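Raw my_file-v8.json, JSON, C-alpha atoms:
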```json
[["chain", "number", "residue", "atom", "x", "y", "z"],
["A", 1, "MET", "CA", -17.73, 36.28, -5.68],
["A", 2, "SER", "CA", -18.89, 34.54, -8.82],
["A", 3, "GLY", "CA", -15.71, 32.81, -9.92],
["A", 4, "THR", "CA", -11.96, 33.17, -9.98],
["A", 5, "ASP", "CA", -11.18, 33.66, -13.68],
["A", 6, "GLY", "CA", -9.25, 36.84, -12.86],
["A", 7, "GLY", "CA", -6.78, 34.83, -10.81],
["A", 8, "ALA", "CA", -6.67, 33.55, -7.28],
["A", 9, "ARG", "CA", -6.78, 37.06, -5.81],
["A", 10, "CYS", "CA", -10.29, 38.03, -6.94],
["A", 11, "GLY", "CA", -13.42, 36.82, -8.65],
["A", 12, "ARG", "CA", -15.37, 38.00, -11.66],
["A", 13, "ASP", "CA", -17.69, 40.25, -9.68],
["A", 14, "GLU", "CA", -14.70, 42.06, -8.21],
["A", 15, "LEU", "CA", -13.14, 42.44, -11.66],
["A", 16, "MET", "CA", -16.39, 44.03, -12.83],
["A", 17, "GLU", "CA", -16.77, 46.32, -9.81],
["A", 18, "VAL", "CA", -13.18, 47.55, -9.86],
["A", 19, "ASN", "CA", -13.26, 48.27, -13.60],
["A", 20, "ALA", "CA", -16.60, 50.02, -13.20],
["A", 21, "ALA", "CA", -15.05, 52.23, -10.52],
["A", 22, "ARG", "CA", -12.05, 52.97, -12.76],
["A", 23, "ALA", "CA", -14.43, 54.21, -15.46],
["A", 24, "LEU", "CA", -15.27, 57.15, -13.15],
["A", 25, "ALA", "CA", -11.70, 58.44, -12.99],
["A", 26, "GLY", "CA", -11.76, 62.11, -13.92],
["A", 27, "ALA", "CA", -15.53, 62.58, -13.55],
["A", 28, "ARG", "CA", -16.70, 65.48, -11.40],
["A", 29, "SER", "CA", -20.20, 64.24, -10.58],
["A", 30, "CYS", "CA", -22.11, 60.98, -10.90],
["A", 31, "PHE", "CA", -25.85, 60.32, -10.72],
["A", 32, "VAL", "CA", -25.84, 56.91, -9.06],
["A", 33, "GLY", "CA", -28.23, 53.99, -9.45],
["A", 34, "ILE", "CA", -28.68, 51.56, -6.58],
["A", 35, "GLY", "CA", -27.02, 48.13, -6.69],
["A", 36, "LEU", "CA", -23.92, 47.50, -8.79],
["A", 37, "PRO", "CA", -23.67, 51.17, -9.91],
["A", 38, "SER", "CA", -23.63, 52.31, -6.30],
["A", 39, "THR", "CA", -20.89, 49.82, -5.42],
["A", 40, "ALA", "CA", -18.77, 51.10, -8.31],
["A", 41, "ALA", "CA", -19.36, 54.78, -7.57],
["A", 42, "ASN", "CA", -18.60, 54.46, -3.87],
["A", 43, "LEU", "CA", -15.49, 52.43, -4.67],
["A", 44, "ALA", "CA", -14.35, 55.11, -7.13],
["A", 45, "ARG", "CA", -14.61, 57.74, -4.38],
["A", 46, "ARG", "CA", -12.38, 55.56, -2.20],
["A", 47, "THR", "CA", -9.80, 54.87, -4.91],
["A", 48, "VAL", "CA", -9.43, 56.57, -8.29],
["A", 49, "ASN", "CA", -11.55, 59.69, -7.68],
["A", 50, "PRO", "CA", -11.78, 60.86, -4.05],
["A", 51, "ASP", "CA", -13.34, 64.19, -5.10],
["A", 52, "LEU", "CA", -16.22, 62.55, -7.01],
["A", 53, "VAL", "CA", -19.58, 64.07, -6.09],
["A", 54, "LEU", "CA", -22.17, 61.32, -5.68],
["A", 55, "VAL", "CA", -25.75, 62.33, -6.48],
["A", 56, "TYR", "CA", -28.80, 60.17, -5.75],
["A", 57, "GLU", "CA", -32.30, 60.77, -7.10],
["A", 58, "SER", "CA", -33.77, 61.14, -3.61],
["A", 59, "GLY", "CA", -32.17, 64.61, -3.58],
["A", 60, "THR", "CA", -28.81, 64.02, -1.92],
["A", 61, "ILE", "CA", -25.75, 65.78, -3.36],
["A", 62, "GLY", "CA", -22.21, 64.96, -2.28],
["A", 63, "SER", "CA", -23.15, 61.89, -0.26],
["A", 64, "ARG", "CA", -20.27, 60.05, 1.42],
["A", 65, "PRO", "CA", -21.95, 56.91, 2.76],
["A", 66, "THR", "CA", -19.94, 54.81, 5.18],
["A", 67, "ARG", "CA", -21.52, 51.68, 3.72],
["A", 68, "LEU", "CA", -23.41, 50.70, 0.60],
["A", 69, "PRO", "CA", -26.88, 52.27, 0.73],
["A", 70, "LEU", "CA", -29.82, 49.89, 0.71],
["A", 71, "SER", "CA", -31.97, 52.20, -1.44],
["A", 72, "ILE", "CA", -32.18, 55.80, -2.61],
["A", 73, "GLY", "CA", -34.12, 56.46, 0.59],
["A", 74, "ASP", "CA", -31.40, 55.15, 2.90],
["A", 75, "GLY", "CA", -30.86, 57.73, 5.64],
["A", 76, "GLU", "CA", -27.11, 57.25, 5.32],
["A", 77, "LEU", "CA", -27.21, 59.19, 2.05],
["A", 78, "ALA", "CA", -28.83, 62.25, 3.60],
["A", 79, "ASP", "CA", -26.79, 62.05, 6.80],
["A", 80, "THR", "CA", -23.49, 62.21, 4.90],
["A", 81, "ALA", "CA", -24.51, 64.60, 2.07],
["A", 82, "ASP", "CA", -23.29, 68.13, 1.44],
["A", 83, "ALA", "CA", -26.85, 69.12, 0.56],
["A", 84, "VAL", "CA", -30.32, 67.62, 0.31],
["A", 85, "VAL", "CA", -32.71, 69.13, -2.21],
["A", 86, "SER", "CA", -36.25, 68.28, -3.22],
["A", 87, "VAL", "CA", -36.84, 65.63, -5.87],
["A", 88, "PRO", "CA", -38.36, 68.21, -8.28],
["A", 89, "GLU", "CA", -35.24, 70.38, -7.91],
["A", 90, "MET", "CA", -33.00, 67.36, -8.39],
["A", 91, "PHE", "CA", -34.63, 66.47, -11.69],
["A", 92, "ASN", "CA", -35.61, 69.89, -13.05],
["A", 93, "TYR", "CA", -32.50, 71.86, -12.12],
["A", 94, "TRP", "CA", -29.63, 69.44, -11.61],
["A", 95, "LEU", "CA", -30.42, 66.60, -14.00],
["A", 96, "GLN", "CA", -32.47, 68.15, -16.80],
["A", 97, "GLY", "CA", -30.27, 71.23, -16.59],
["A", 98, "GLY", "CA", -27.30, 69.15, -17.76],
["A", 99, "ARG", "CA", -25.32, 69.65, -14.56],
["A", 100, "ILE", "CA", -24.33, 66.00, -13.97],
["A", 101, "ASP", "CA", -21.31, 64.54, -15.77],
["A", 102, "VAL", "CA", -22.02, 60.82, -15.60],
["A", 103, "GLY", "CA", -25.07, 58.66, -15.00],
["A", 104, "PHE", "CA", -24.35, 55.14, -13.74],
["A", 105, "LEU", "CA", -27.05, 52.54, -14.32],
["A", 106, "GLY", "CA", -27.68, 48.83, -14.07],
["A", 107, "ALA", "CA", -30.03, 46.71, -16.17],
["A", 108, "ALA", "CA", -32.05, 43.53, -16.16],
["A", 109, "GLN", "CA", -31.86, 43.35, -19.96],
["A", 110, "LEU", "CA", -29.59, 45.20, -22.37],
["A", 111, "ASP", "CA", -29.65, 45.09, -26.17],
["A", 112, "ARG", "CA", -26.95, 45.73, -28.77],
["A", 113, "PHE", "CA", -27.64, 49.48, -28.77],
["A", 114, "ALA", "CA", -27.43, 49.75, -24.97],
["A", 115, "ASN", "CA", -31.16, 50.20, -24.48],
["A", 116, "ILE", "CA", -32.27, 49.05, -21.04],
["A", 117, "ASN", "CA", -35.19, 47.07, -19.65],
["A", 118, "THR", "CA", -35.91, 47.24, -15.91],
["A", 119, "THR", "CA", -39.70, 46.95, -16.15],
["A", 120, "VAL", "CA", -40.94, 43.50, -17.17],
["A", 121, "VAL", "CA", -39.58, 40.28, -18.68],
["A", 122, "ASP", "CA", -41.29, 37.52, -20.63],
["A", 123, "ARG", "CA", -40.96, 34.31, -18.63],
["A", 124, "GLY", "CA", -42.24, 32.03, -21.36],
["A", 125, "PRO", "CA", -45.49, 30.33, -22.40],
["A", 126, "ASP", "CA", -48.19, 29.87, -19.75],
["A", 127, "ARG", "CA", -46.25, 31.91, -17.21],
["A", 128, "PRO", "CA", -47.08, 35.45, -16.09],
["A", 129, "ALA", "CA", -44.69, 38.21, -16.99],
["A", 130, "GLY", "CA", -41.96, 38.84, -14.47],
["A", 131, "ARG", "CA", -42.29, 42.30, -12.95],
["A", 132, "LEU", "CA", -39.12, 44.26, -12.23],
["A", 133, "PRO", "CA", -38.60, 47.38, -10.07],
["A", 134, "GLY", "CA", -39.34, 49.73, -12.96],
["A", 135, "ALA", "CA", -37.76, 52.86, -14.36],
["A", 136, "GLY", "CA", -37.01, 54.96, -11.31],
["A", 137, "GLY", "CA", -35.05, 57.94, -12.64],
["A", 138, "ALA", "CA", -33.15, 55.95, -15.26],
["A", 139, "PRO", "CA", -34.85, 57.39, -18.39],
["A", 140, "GLU", "CA", -34.11, 60.95, -17.29],
["A", 141, "ILE", "CA", -30.58, 60.04, -16.22],
["A", 142, "ALA", "CA", -29.83, 58.46, -19.59],
["A", 143, "ALA", "CA", -31.35, 61.39, -21.46],
["A", 144, "ASN", "CA", -29.63, 64.23, -19.62],
["A", 145, "CYS", "CA", -26.29, 63.23, -18.10],
["A", 146, "GLY", "CA", -23.18, 64.02, -20.09],
["A", 147, "GLU", "CA", -22.59, 60.31, -20.58],
["A", 148, "VAL", "CA", -23.90, 57.03, -19.22],
["A", 149, "LEU", "CA", -22.06, 54.02, -17.86],
["A", 150, "ILE", "CA", -23.82, 50.67, -17.44],
["A", 151, "VAL", "CA", -22.77, 47.74, -15.29],
["A", 152, "LEU", "CA", -24.29, 44.25, -15.29],
["A", 153, "ARG", "CA", -23.33, 40.58, -15.28],
["A", 154, "HIS", "CA", -22.62, 39.13, -18.69],
["A", 155, "THR", "CA", -25.12, 36.39, -19.55],
["A", 156, "ARG", "CA", -27.41, 35.63, -22.49],
["A", 157, "ARG", "CA", -30.30, 36.29, -20.14],
["A", 158, "ASN", "CA", -29.09, 39.85, -19.56],
["A", 159, "LEU", "CA", -27.56, 40.77, -22.94],
["A", 160, "VAL", "CA", -30.43, 39.97, -25.27],
["A", 161, "PRO", "CA", -31.17, 40.30, -29.00],
["A", 162, "ALA", "CA", -34.38, 42.23, -28.27],
["A", 163, "LEU", "CA", -35.73, 43.76, -25.08],
["A", 164, "ASP", "CA", -39.04, 42.55, -23.68],
["A", 165, "PHE", "CA", -39.73, 46.20, -22.79],
["A", 166, "VAL", "CA", -37.81, 49.41, -23.46],
["A", 167, "THR", "CA", -37.53, 51.25, -20.16],
["A", 168, "THR", "CA", -34.55, 53.50, -20.87],
["A", 169, "LEU", "CA", -33.23, 54.59, -24.25],
["A", 170, "GLY", "CA", -29.55, 54.07, -24.87],
["A", 171, "HIS", "CA", -28.81, 54.60, -28.56],
["A", 172, "GLY", "CA", -32.27, 53.61, -29.80],
["A", 173, "SER", "CA", -31.91, 51.79, -33.11],
["A", 174, "GLY", "CA", -28.64, 53.44, -34.04],
["A", 175, "PRO", "CA", -26.91, 56.75, -34.78],
["A", 176, "GLY", "CA", -29.10, 59.84, -34.76],
["A", 177, "ASP", "CA", -31.91, 58.51, -32.61],
["A", 178, "ARG", "CA", -30.87, 60.40, -29.48],
["A", 179, "ALA", "CA", -30.46, 63.68, -31.33],
["A", 180, "ALA", "CA", -33.81, 63.25, -33.05],
["A", 181, "LEU", "CA", -35.46, 62.90, -29.63],
["A", 182, "GLY", "CA", -33.69, 65.95, -28.23],
["A", 183, "MET", "CA", -31.54, 64.06, -25.73],
["A", 184, "ARG", "CA", -28.67, 66.27, -24.61],
["A", 185, "GLY", "CA", -26.14, 63.67, -23.43],
["A", 186, "ALA", "CA", -23.84, 61.33, -25.32],
["A", 187, "GLY", "CA", -25.72, 58.30, -24.00],
["A", 188, "PRO", "CA", -24.02, 55.04, -23.02],
["A", 189, "THR", "CA", -20.27, 55.18, -23.59],
["A", 190, "ALA", "CA", -19.30, 51.93, -21.87],
["A", 191, "VAL", "CA", -20.89, 48.75, -20.56],
["A", 192, "ILE", "CA", -18.81, 47.05, -17.88],
["A", 193, "THR", "CA", -19.54, 43.37, -17.25],
["A", 194, "ASP", "CA", -17.91, 40.55, -15.33],
["A", 195, "LEU", "CA", -16.30, 39.38, -18.60],
["A", 196, "GLY", "CA", -15.10, 42.62, -20.12],
["A", 197, "ILE", "CA", -16.00, 46.06, -21.45],
["A", 198, "LEU", "CA", -18.25, 46.90, -24.39],
["A", 199, "ARG", "CA", -18.33, 50.29, -26.11],
["A", 200, "PRO", "CA", -20.53, 51.63, -28.91],
["A", 201, "ASP", "CA", -19.09, 51.59, -32.40],
["A", 202, "PRO", "CA", -18.66, 55.24, -33.47],
["A", 203, "ASP", "CA", -20.34, 54.58, -36.84],
["A", 204, "THR", "CA", -23.17, 52.21, -35.94],
["A", 205, "ALA", "CA", -23.63, 52.75, -32.16],
["A", 206, "GLU", "CA", -23.74, 48.94, -31.77],
["A", 207, "LEU", "CA", -21.90, 47.62, -28.73],
["A", 208, "VAL", "CA", -18.50, 46.09, -29.50],
["A", 209, "LEU", "CA", -16.25, 44.10, -27.17],
["A", 210, "THR", "CA", -13.22, 46.34, -26.61],
["A", 211, "ALA", "CA", -11.62, 44.65, -23.58],
["A", 212, "VAL", "CA", -11.74, 41.39, -21.68],
["A", 213, "HIS", "CA", -10.81, 40.83, -18.07],
["A", 214, "PRO", "CA", -7.80, 38.67, -17.13],
["A", 215, "GLY", "CA", -8.51, 35.00, -17.78],
["A", 216, "VAL", "CA", -11.47, 35.70, -20.10],
["A", 217, "THR", "CA", -11.42, 34.99, -23.84],
["A", 218, "PRO", "CA", -13.42, 36.77, -26.55],
["A", 219, "ASP", "CA", -15.16, 33.49, -27.30],
["A", 220, "GLN", "CA", -16.44, 33.34, -23.72],
["A", 221, "ALA", "CA", -17.88, 36.84, -24.04],
["A", 222, "ARG", "CA", -19.49, 36.07, -27.39],
["A", 223, "ALA", "CA", -21.02, 32.84, -26.04],
["A", 224, "ALA", "CA", -22.56, 34.81, -23.16],
["A", 225, "THR", "CA", -24.15, 37.40, -25.46],
["A", 226, "GLY", "CA", -27.58, 37.11, -27.04],
["A", 227, "TRP", "CA", -26.53, 38.71, -30.32],
["A", 228, "ASP", "CA", -23.53, 38.28, -32.62],
["A", 229, "LEU", "CA", -21.08, 40.34, -30.57],
["A", 230, "ARG", "CA", -18.31, 41.90, -32.62],
["A", 231, "THR", "CA", -14.78, 42.23, -31.25],
["A", 232, "ALA", "CA", -12.68, 45.36, -31.65],
["A", 233, "PRO", "CA", -9.54, 44.82, -33.76],
["A", 234, "ASP", "CA", -7.46, 46.35, -30.97],
["A", 235, "LEU", "CA", -8.99, 44.26, -28.18],
["A", 236, "THR", "CA", -7.18, 44.74, -24.87],
["A", 237, "THR", "CA", -7.09, 43.04, -21.48],
["A", 238, "THR", "CA", -7.96, 45.04, -18.38],
["A", 239, "GLU", "CA", -5.45, 45.33, -15.58],
["A", 240, "ALA", "CA", -6.05, 43.04, -12.64],
["A", 241, "PRO", "CA", -7.19, 44.88, -9.49],
["A", 242, "ASP", "CA", -4.36, 45.90, -7.21],
["A", 243, "ASP", "CA", -4.24, 45.29, -3.47],
["A", 244, "ALA", "CA", -5.51, 48.77, -2.61],
["A", 245, "GLU", "CA", -8.55, 48.43, -4.89],
["A", 246, "LEU", "CA", -9.45, 45.00, -3.56],
["A", 247, "SER", "CA", -8.98, 46.09, 0.04],
["A", 248, "ALA", "CA", -11.22, 49.13, -0.44],
["A", 249, "LEU", "CA", -13.90, 47.09, -2.21],
["A", 250, "ARG", "CA", -13.96, 44.35, 0.40],
["A", 251, "ALA", "CA", -14.03, 46.88, 3.26],
["A", 252, "LEU", "CA", -16.96, 48.66, 1.61],
["A", 253, "LYS", "CA", -18.92, 45.43, 1.32],
["A", 254, "ALA", "CA", -18.01, 44.35, 4.85],
["A", 255, "ALA", "CA", -19.32, 47.66, 6.19],
["A", 256, "GLY", "CA", -22.66, 46.91, 4.53],
["A", 257, "ARG", "CA", -22.83, 43.59, 6.33],
["A", 258, "ASN", "CA", -21.95, 45.25, 9.64],
["A", 259, "PRO", "CA", -23.53, 48.72, 9.50],
["A", 260, "GLU", "CA", -22.99, 49.47, 13.17],
["A", 261, "GLY", "CA", -19.28, 48.77, 12.85],
["A", 262, "SER", "CA", -19.08, 51.16, 9.90],
["A", 263, "ARG", "CA", -20.27, 54.03, 12.08],
["A", 264, "ASP", "CA", -17.34, 53.99, 14.48],
["A", 265, "GLY", "CA", -15.92, 57.49, 14.70],
["A", 266, "SER", "CA", -17.51, 60.81, 13.97],
["A", 267, "ARG", "CA", -19.63, 61.87, 11.03],
["A", 268, "ASP", "CA", -16.89, 64.22, 9.98],
["A", 269, "GLY", "CA", -14.62, 61.22, 9.54],
["A", 270, "GLY", "CA", -16.69, 60.20, 6.55],
["A", 271, "ARG", "CA", -15.85, 63.45, 4.79],
["A", 272, "ASP", "CA", -12.29, 62.39, 4.09],
["A", 273, "GLY", "CA", -13.10, 58.74, 3.45],
["A", 274, "SER", "CA", -11.66, 57.50, 6.76],
["A", 275, "ARG", "CA", -14.91, 55.69, 7.57],
["A", 276, "ASP", "CA", -15.37, 53.16, 5.77],
["A", 277, "GLY", "CA", -27.66, 43.44, -5.23],
["A", 278, "SER", "CA", -30.88, 44.63, -5.90],
["A", 279, "ARG", "CA", -32.56, 47.47, -7.63],
["A", 280, "GLU", "CA", -30.06, 48.54, -10.27],
["A", 281, "GLU", "CA", -31.87, 51.16, -12.29],
["A", 282, "GLY", "CA", -31.79, 54.83, -11.47]]
```
Spit out the file's structure as structure tokens when you get a sec.
Amino acid sequence: MSGTDGGARCGRDELMEVNAARALAGARSCFVGIGLPSTAANLARRTVNPDLVLVYESGTIGSRPTRLPLSIGDGELADTADAVVSVPEMFNYWLQGGRIDVGFLGAAQLDRFANINTTVVDRGPDRPAGRLPGAGGAPEIAANCGEVLIVLRHTRRNLVPALDFVTTLGHGSGPGDRAALGMRGAGPTAVITDLGILRPDPDTAELVLTAVHPGVTPDQARAATGWDLRTAPDLTTTEAPDDAELSALRALKAAGRNPEGSRDGSRDGGRDGSRDGSREEG
């Protein structure tokens, strides 16, 4: 955990992960990025949305991993999936065909219009550029899913005034950019951080602070943002995680630390949820 501003029961990372999972309530399917998005999506399936269909770009549909997958190539995803299709089918038919409700992505850098950099960062004078994992499927996910959710930690290093490289288009430079490029989805509809939740302004598409987590002030969020972050007039405070959410999250993480223990019981047990970092792009 990265702090206890949400109260003695949980830290900021847990506030972020639980609220990211809550954002998937009501979704039918989610194209999941590895890292924080995968934590949130798997937690959502264990709490607010047990029927959520998890889709990973390696071709797995309906995965029910017993632990957090290490990568899109983790065998756990295929072992627990309803179906495994080829990568071309995944992208051409399922993703580009508009058949996925929500794409869930992470970011190394994010700007005020929810554009994402996961490729390279400028590390300053006389230092080589810092290479990141790259795009993966994130550009296609952001272009074609019905909507996009983004999760990342809230620092000036991550929420920047200008990206060092545009890997994945969010809302471009403002309203109309996505439509002009023929992107079918609504684009980013929420950014969940360890300080609060940002949503695009309906008129300008610029991210606005719409909620803070318990114990966090708007001034803290603004100080941790690389641009002049505006606050919604009806700013709210998110609900603290309940015992069931925290228990499910901690069990999920514990299973990742003890993968053999997470496999107790049959494979079929994972189908009903009884079994119970990183690259964060698509």
Contacts of Ser38 of chain A within 9 Å, all atoms listed in the file, excl. fewer than 4 positions in-chain, as a list in words: Val32, Gly33, Ile34, Asn42, Leu43, Leu68, Pro69, Phe104, Leu105 and Glu280 of chain A
For atom CA of Gly256 of chain A and atom CA of Gly62 of chain A, the interatomic separation in Å (one decimal):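 Atom CA of Gly62 of chain A lies 19.3 Å from atom CA of Gly256 of chain A.
Summary of the local environment: counting only C-alpha atoms, residues at most 6 Å from segment 182-195 of chain A, other than itself and those fewer than 3 positions away along its chain, are Arg12, Asp13, Met16, Ala20, Ala143, Asn144, Cys145, Gly146, Glu147, Val148, Leu149, Ile150, Val151, Leu152, Arg153, His154, Gly170, Arg178, Ala179, Leu198, Arg199, Val212 and His213 of chain A.
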Could you write out the selected residues, including C-alpha atoms, as a PDB file, in the coordinates of the input?
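So out_16.pdb came out as:
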```
ATOM      1  CA  ARG A  12     -15.370  38.000 -11.660  1.00  0.00           C
ATOM      2  CA  ASP A  13     -17.690  40.250  -9.680  1.00  0.00           C
ATOM      3  CA  MET A  16     -16.390  44.030 -12.830  1.00  0.00           C
ATOM      4  CA  ALA A  20     -16.600  50.020 -13.200  1.00  0.00           C
ATOM      5  CA  ALA A 143     -31.350  61.390 -21.460  1.00  0.00           C
ATOM      6  CA  ASN A 144     -29.630  64.230 -19.620  1.00  0.00           C
ATOM      7  CA  CYS A 145     -26.290  63.230 -18.100  1.00  0.00           C
ATOM      8  CA  GLY A 146     -23.180  64.020 -20.090  1.00  0.00           C
ATOM      9  CA  GLU A 147     -22.590  60.310 -20.580  1.00  0.00           C
ATOM     10  CA  VAL A 148     -23.900  57.030 -19.220  1.00  0.00           C
ATOM     11  CA  LEU A 149     -22.060  54.020 -17.860  1.00  0.00           C
ATOM     12  CA  ILE A 150     -23.820  50.670 -17.440  1.00  0.00           C
ATOM     13  CA  VAL A 151     -22.770  47.740 -15.290  1.00  0.00           C
ATOM     14  CA  LEU A 152     -24.290  44.250 -15.290  1.00  0.00           C
ATOM     15  CA  ARG A 153     -23.330  40.580 -15.280  1.00  0.00           C
ATOM     16  CA  HIS A 154     -22.620  39.130 -18.690  1.00  0.00           C
ATOM     17  CA  GLY A 170     -29.550  54.070 -24.870  1.00  0.00           C
ATOM     18  CA  ARG A 178     -30.870  60.400 -29.480  1.00  0.00           C
ATOM     19  CA  ALA A 179     -30.460  63.680 -31.330  1.00  0.00           C
ATOM     20  CA  LEU A 198     -18.250  46.900 -24.390  1.00  0.00           C
ATOM     21  CA  ARG A 199     -18.330  50.290 -26.110  1.00  0.00           C
ATOM     22  CA  VAL A 212     -11.740  41.390 -21.680  1.00  0.00           C
ATOM     23  CA  HIS A 213     -10.810  40.830 -18.070  1.00  0.00           C
TER      24      HIS A 213
END
```
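Atom CA of Leu54 of chain A to atom CA of Arg250 of chain A spans 19.8 Å [interatomic distance, one decimal].
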Two-atom distance - atom CA of Ile197 of chain A, atom CA of Ser71 of chain A (Å):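 Here the two named atoms are 26.3 Å from each other.
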For Thr119 of chain A, the nearest of the candidates A:Pro200, A:Gly106, A:Gly73, A:Gly134, counting only C-alpha atoms: A:Gly134
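Around Asn117 of chain A, within 7 Å and counting only C-alpha atoms, the residues found are Ala107, Ala108, Gln109, Leu110, Leu163, Phe165, Val166, Thr167 and Thr168 of chain A, once anything fewer than 6 positions away on its own chain is removed.
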Neighbour residues at most 12 Å from (-23.5, 39.1, -31.0) (all atoms listed in the file) as a list in words: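 Within 12 Å of (-23.5, 39.1, -31.0), the protein and nucleic acid residues are Asp111, Arg112, Phe113, Thr155, Arg156, Leu159, Val160, Pro161, Ala162, Leu198, Glu206, Leu207, Val208, Leu209, Pro218, Asp219, Gln220, Ala221, Arg222, Ala223, Ala224, Thr225, Gly226, Trp227, Asp228, Leu229, Arg230 and Thr231 of chain A.
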Counting all atoms listed in the file, the option among A:Asp79, A:Ala25, A:Leu36, A:Arg46 closest to Leu246 of chain A: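 Distance minimum relative to Leu246 of chain A lands on A:Arg46.
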